[in-house]
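Here's the structure, in structure tokens; my notes come after.
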Amino acid sequence: MPDAAANVSVMDEPLMMMPHEMLRPVVALVAWTLVMLGWMLATRLPALKNAGVELRTLVGTKASDADRVIPPHVQWKAHNYNHLLEQPVLFYAICGVLALTLTFRAIDLYLAWIYVALRIAHSLVQVTRNKVVPRLMLFLASSLTLAALTVRAALAVL
């Protein structure tokens, strides 16, 4: 009689790792977000200066006002930085749930790293060429990856 445990996929086996393993992709995406913040500041501040904007005299403006005075390729970095502060918040929460409840499996860890890779690829497309179709494909792929991770977390904790 075959052993039932032998039929369990490696991807579904519990990880013999500490909860922080599930938090590594979170730290990686936060680090990438900070890289994008630096890139944005390094290009946006000189562009504002070149446009004659005096930061010390600005009152009551909003970030989108810069779209009128800064070249689009400079603003792409700011737009991407904003994007990294939107949907990834859900990713952080789901990874936190999986880490805190110790319910993650190898597949969850792989999905988390895939999500991070897709978001970094999305950033690189947006801040360099900003072609809509590749950006959309990467966004959809990362969204589906996040959805799969969310379903797995829901099944683990509900």
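Following the order of the structure tokens, chains are lettered A, B, ..., residues in each are numbered from 1, and ligands are numbered from 1.
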Selection near region 128-130 of chain A, 8 Å with only C-alpha atoms, sequence-local residues under 3 positions removed, as a PyMOL selection string: chain A and resi 73+76+124-125+135
Give me, as JSON lines, the closest atom pair and its distance (Å, one decimal) for every residue of region 73-140 of chain A within a cut-off of 9 Å of region 22-44 of chain A, counting only C-alpha atoms, rows sorted by chain and rising number.
{"residue": "A:Val74", "atom": "CA", "partner": "A:Arg44", "partner_atom": "CA", "distance": 6.1}
{"residue": "A:Gln75", "atom": "CA", "partner": "A:Arg44", "partner_atom": "CA", "distance": 7.1}
{"residue": "A:Trp76", "atom": "CA", "partner": "A:Met40", "partner_atom": "CA", "distance": 8.4}
{"residue": "A:Lys77", "atom": "CA", "partner": "A:Met40", "partner_atom": "CA", "distance": 5.0}
{"residue": "A:Ala78", "atom": "CA", "partner": "A:Met40", "partner_atom": "CA", "distance": 5.6}
{"residue": "A:Asn80", "atom": "CA", "partner": "A:Met36", "partner_atom": "CA", "distance": 7.6}
{"residue": "A:Tyr81", "atom": "CA", "partner": "A:Met36", "partner_atom": "CA", "distance": 5.9}
{"residue": "A:Leu84", "atom": "CA", "partner": "A:Thr33", "partner_atom": "CA", "distance": 6.2}
{"residue": "A:Leu85", "atom": "CA", "partner": "A:Thr33", "partner_atom": "CA", "distance": 8.0}
{"residue": "A:Pro88", "atom": "CA", "partner": "A:Leu29", "partner_atom": "CA", "distance": 8.2}
{"residue": "A:Phe91", "atom": "CA", "partner": "A:Val26", "partner_atom": "CA", "distance": 7.8}
{"residue": "A:Tyr92", "atom": "CA", "partner": "A:Val26", "partner_atom": "CA", "distance": 6.0}
{"residue": "A:Cys95", "atom": "CA", "partner": "A:Met22", "partner_atom": "CA", "distance": 6.2}
{"residue": "A:Gly96", "atom": "CA", "partner": "A:Leu23", "partner_atom": "CA", "distance": 7.1}
{"residue": "A:Leu98", "atom": "CA", "partner": "A:Met22", "partner_atom": "CA", "distance": 7.2}
{"residue": "A:Ala99", "atom": "CA", "partner": "A:Met22", "partner_atom": "CA", "distance": 5.6}
{"residue": "A:Phe104", "atom": "CA", "partner": "A:Met22", "partner_atom": "CA", "distance": 7.6}
{"residue": "A:Asp108", "atom": "CA", "partner": "A:Met22", "partner_atom": "CA", "distance": 8.1}
{"residue": "A:Leu109", "atom": "CA", "partner": "A:Met22", "partner_atom": "CA", "distance": 6.0}
{"residue": "A:Ala112", "atom": "CA", "partner": "A:Pro25", "partner_atom": "CA", "distance": 6.1}
{"residue": "A:Trp113", "atom": "CA", "partner": "A:Pro25", "partner_atom": "CA", "distance": 5.7}
{"residue": "A:Tyr115", "atom": "CA", "partner": "A:Pro25", "partner_atom": "CA", "distance": 8.6}
{"residue": "A:Val116", "atom": "CA", "partner": "A:Leu29", "partner_atom": "CA", "distance": 5.9}
{"residue": "A:Ala117", "atom": "CA", "partner": "A:Leu29", "partner_atom": "CA", "distance": 8.7}
{"residue": "A:Arg119", "atom": "CA", "partner": "A:Leu29", "partner_atom": "CA", "distance": 8.1}
{"residue": "A:Ile120", "atom": "CA", "partner": "A:Trp32", "partner_atom": "CA", "distance": 7.3}
{"residue": "A:Ser123", "atom": "CA", "partner": "A:Met36", "partner_atom": "CA", "distance": 8.2}
Using the selection just defined, write its residues with N, CA, C and O atoms as an mmCIF file, in the first residue's frame.
data_model
loop_
_atom_site.group_PDB
_atom_site.id
_atom_site.type_symbol
_atom_site.label_atom_id
_atom_site.label_comp_id
_atom_site.auth_asym_id
_atom_site.auth_seq_id
_atom_site.Cartn_x
_atom_site.Cartn_y
_atom_site.Cartn_z
ATOM 1 N N VAL A 74 10.517 62.217 -16.149
ATOM 2 C CA VAL A 74 10.932 62.443 -14.764
ATOM 3 C C VAL A 74 9.785 62.079 -13.826
ATOM 4 O O VAL A 74 9.999 61.438 -12.790
ATOM 5 N N GLN A 75 8.587 62.456 -14.202
ATOM 6 C CA GLN A 75 7.424 62.179 -13.363
ATOM 7 C C GLN A 75 7.095 60.683 -13.278
ATOM 8 O O GLN A 75 6.471 60.245 -12.320
ATOM 9 N N TRP A 76 7.519 59.913 -14.265
ATOM 10 C CA TRP A 76 7.252 58.472 -14.226
ATOM 11 C C TRP A 76 7.773 57.849 -12.939
ATOM 12 O O TRP A 76 7.168 56.934 -12.390
ATOM 13 N N LYS A 77 8.916 58.338 -12.453
ATOM 14 C CA LYS A 77 9.462 57.789 -11.203
ATOM 15 C C LYS A 77 8.543 58.086 -10.025
ATOM 16 O O LYS A 77 8.302 57.238 -9.167
ATOM 17 N N ALA A 78 7.999 59.293 -9.989
ATOM 18 C CA ALA A 78 7.066 59.668 -8.916
ATOM 19 C C ALA A 78 5.787 58.849 -9.010
ATOM 20 O O ALA A 78 5.258 58.380 -7.990
ATOM 21 N N ASN A 80 5.479 55.874 -10.277
ATOM 22 C CA ASN A 80 5.762 54.500 -9.860
ATOM 23 C C ASN A 80 5.919 54.398 -8.353
ATOM 24 O O ASN A 80 5.439 53.444 -7.737
ATOM 25 N N TYR A 81 6.566 55.369 -7.749
ATOM 26 C CA TYR A 81 6.695 55.372 -6.290
ATOM 27 C C TYR A 81 5.305 55.335 -5.648
ATOM 28 O O TYR A 81 5.057 54.572 -4.719
ATOM 29 N N LEU A 84 3.848 51.925 -5.831
ATOM 30 C CA LEU A 84 4.431 51.001 -4.856
ATOM 31 C C LEU A 84 3.873 51.198 -3.451
ATOM 32 O O LEU A 84 4.131 50.388 -2.556
ATOM 33 N N LEU A 85 3.109 52.251 -3.266
ATOM 34 C CA LEU A 85 2.471 52.499 -1.975
ATOM 35 C C LEU A 85 0.969 52.204 -2.031
ATOM 36 O O LEU A 85 0.244 52.524 -1.097
ATOM 37 N N PRO A 88 0.787 47.062 -3.158
ATOM 38 C CA PRO A 88 1.683 46.291 -2.286
ATOM 39 C C PRO A 88 1.300 46.312 -0.802
ATOM 40 O O PRO A 88 1.696 45.422 -0.057
ATOM 41 N N PHE A 91 -0.242 43.156 -0.191
ATOM 42 C CA PHE A 91 0.784 42.113 -0.157
ATOM 43 C C PHE A 91 1.435 42.039 1.216
ATOM 44 O O PHE A 91 1.615 40.957 1.781
ATOM 45 N N TYR A 92 1.771 43.207 1.773
ATOM 46 C CA TYR A 92 2.390 43.233 3.097
ATOM 47 C C TYR A 92 1.466 42.606 4.142
ATOM 48 O O TYR A 92 1.916 41.848 5.007
ATOM 49 N N CYS A 95 1.269 38.699 3.613
ATOM 50 C CA CYS A 95 2.505 38.050 4.080
ATOM 51 C C CYS A 95 2.573 38.072 5.602
ATOM 52 O O CYS A 95 3.020 37.101 6.221
ATOM 53 N N GLY A 96 2.115 39.146 6.198
ATOM 54 C CA GLY A 96 2.076 39.229 7.650
ATOM 55 C C GLY A 96 1.161 38.192 8.255
ATOM 56 O O GLY A 96 1.510 37.543 9.255
ATOM 57 N N LEU A 98 0.319 35.288 6.933
ATOM 58 C CA LEU A 98 0.949 33.976 6.774
ATOM 59 C C LEU A 98 2.110 33.771 7.745
ATOM 60 O O LEU A 98 2.266 32.688 8.309
ATOM 61 N N ALA A 99 2.896 34.815 7.964
ATOM 62 C CA ALA A 99 4.037 34.704 8.875
ATOM 63 C C ALA A 99 3.574 34.577 10.327
ATOM 64 O O ALA A 99 4.079 33.737 11.073
ATOM 65 N N PHE A 104 2.150 29.292 6.285
ATOM 66 C CA PHE A 104 2.637 29.333 4.906
ATOM 67 C C PHE A 104 3.365 28.041 4.539
ATOM 68 O O PHE A 104 3.895 27.329 5.376
ATOM 69 N N ASP A 108 3.602 29.371 -1.065
ATOM 70 C CA ASP A 108 3.320 30.740 -0.636
ATOM 71 C C ASP A 108 4.580 31.600 -0.703
ATOM 72 O O ASP A 108 4.537 32.750 -1.137
ATOM 73 N N LEU A 109 5.671 31.033 -0.293
ATOM 74 C CA LEU A 109 6.940 31.752 -0.345
ATOM 75 C C LEU A 109 7.329 32.034 -1.799
ATOM 76 O O LEU A 109 7.768 33.143 -2.130
ATOM 77 N N ALA A 112 5.150 34.800 -3.118
ATOM 78 C CA ALA A 112 5.568 36.097 -2.584
ATOM 79 C C ALA A 112 6.772 36.643 -3.356
ATOM 80 O O ALA A 112 6.802 37.827 -3.731
ATOM 81 N N TRP A 113 7.754 35.793 -3.615
ATOM 82 C CA TRP A 113 8.927 36.248 -4.360
ATOM 83 C C TRP A 113 8.575 36.568 -5.808
ATOM 84 O O TRP A 113 9.136 37.505 -6.398
ATOM 85 N N TYR A 115 5.706 37.778 -6.784
ATOM 86 C CA TYR A 115 5.047 39.077 -6.703
ATOM 87 C C TYR A 115 6.093 40.199 -6.652
ATOM 88 O O TYR A 115 5.983 41.185 -7.383
ATOM 89 N N VAL A 116 7.097 40.040 -5.813
ATOM 90 C CA VAL A 116 8.148 41.055 -5.694
ATOM 91 C C VAL A 116 8.850 41.239 -7.036
ATOM 92 O O VAL A 116 9.058 42.377 -7.487
ATOM 93 N N ALA A 117 9.205 40.151 -7.693
ATOM 94 C CA ALA A 117 9.889 40.240 -8.989
ATOM 95 C C ALA A 117 9.018 40.953 -10.023
ATOM 96 O O ALA A 117 9.520 41.788 -10.789
ATOM 97 N N ARG A 119 6.641 43.162 -9.442
ATOM 98 C CA ARG A 119 6.521 44.585 -9.098
ATOM 99 C C ARG A 119 7.802 45.339 -9.465
ATOM 100 O O ARG A 119 7.750 46.478 -9.928
ATOM 101 N N ILE A 120 8.946 44.711 -9.278
ATOM 102 C CA ILE A 120 10.204 45.358 -9.666
ATOM 103 C C ILE A 120 10.257 45.504 -11.189
ATOM 104 O O ILE A 120 10.621 46.564 -11.708
ATOM 105 N N SER A 123 8.073 48.325 -12.181
ATOM 106 C CA SER A 123 8.749 49.601 -11.915
ATOM 107 C C SER A 123 9.725 49.942 -13.027
ATOM 108 O O SER A 123 9.741 51.080 -13.526
#
Residue among A:Val132, A:Val97, A:Val127, A:Ala121 lying closest to Val151 (chain A), counting only C-alpha atoms: A:Val97
For Ser142 (chain A), which of A:Leu111, A:Thr61, A:Gln126, A:Ala154 is the closest residue, counting only C-alpha atoms?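 Smallest separation from Ser142 (chain A) among the options: A:Leu111.
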Using CA of Pro72 (chain A) and CA of Gly60 (chain A) as the two end points, give the distance in Å to one decimal.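 Separating CA of Pro72 (chain A) from CA of Gly60 (chain A) is a distance of 22.2 Å.
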What parts of region 23-137 of chain A does DSSP call alpha helix (DSSP H)? I'd like the answer as a ChimeraX atom specification. /A:23-50,72-83,88-101,106-128,132-137
Residue nearest Pro19 (chain A) - candidates A:Lys131, A:Arg152, A:Arg105, A:His122, atoms counted: only C-alpha atoms: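 Nearest candidate to Pro19 (chain A) out of A:Lys131, A:Arg152, A:Arg105, A:His122: A:Arg105.
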Which distance in Å separates CA of Glu86 (chain A) and CA of Pro134 (chain A), to one decimal? 19.2 Å
Rounded to one decimal, what separation in Å do you get between CA of Leu136 (chain A) and CA of Ile94 (chain A)?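 Atom-to-atom, CA of Leu136 (chain A) and CA of Ile94 (chain A) are spaced 22.6 Å apart.
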Of the candidates A:Ala47, A:Ala66, A:Val53, A:Ala153, which shows the shortest atom-to-atom distance to Leu100 (chain A), using only C-alpha atoms?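 For Leu100 (chain A), the nearest of the given residues is A:Ala153.
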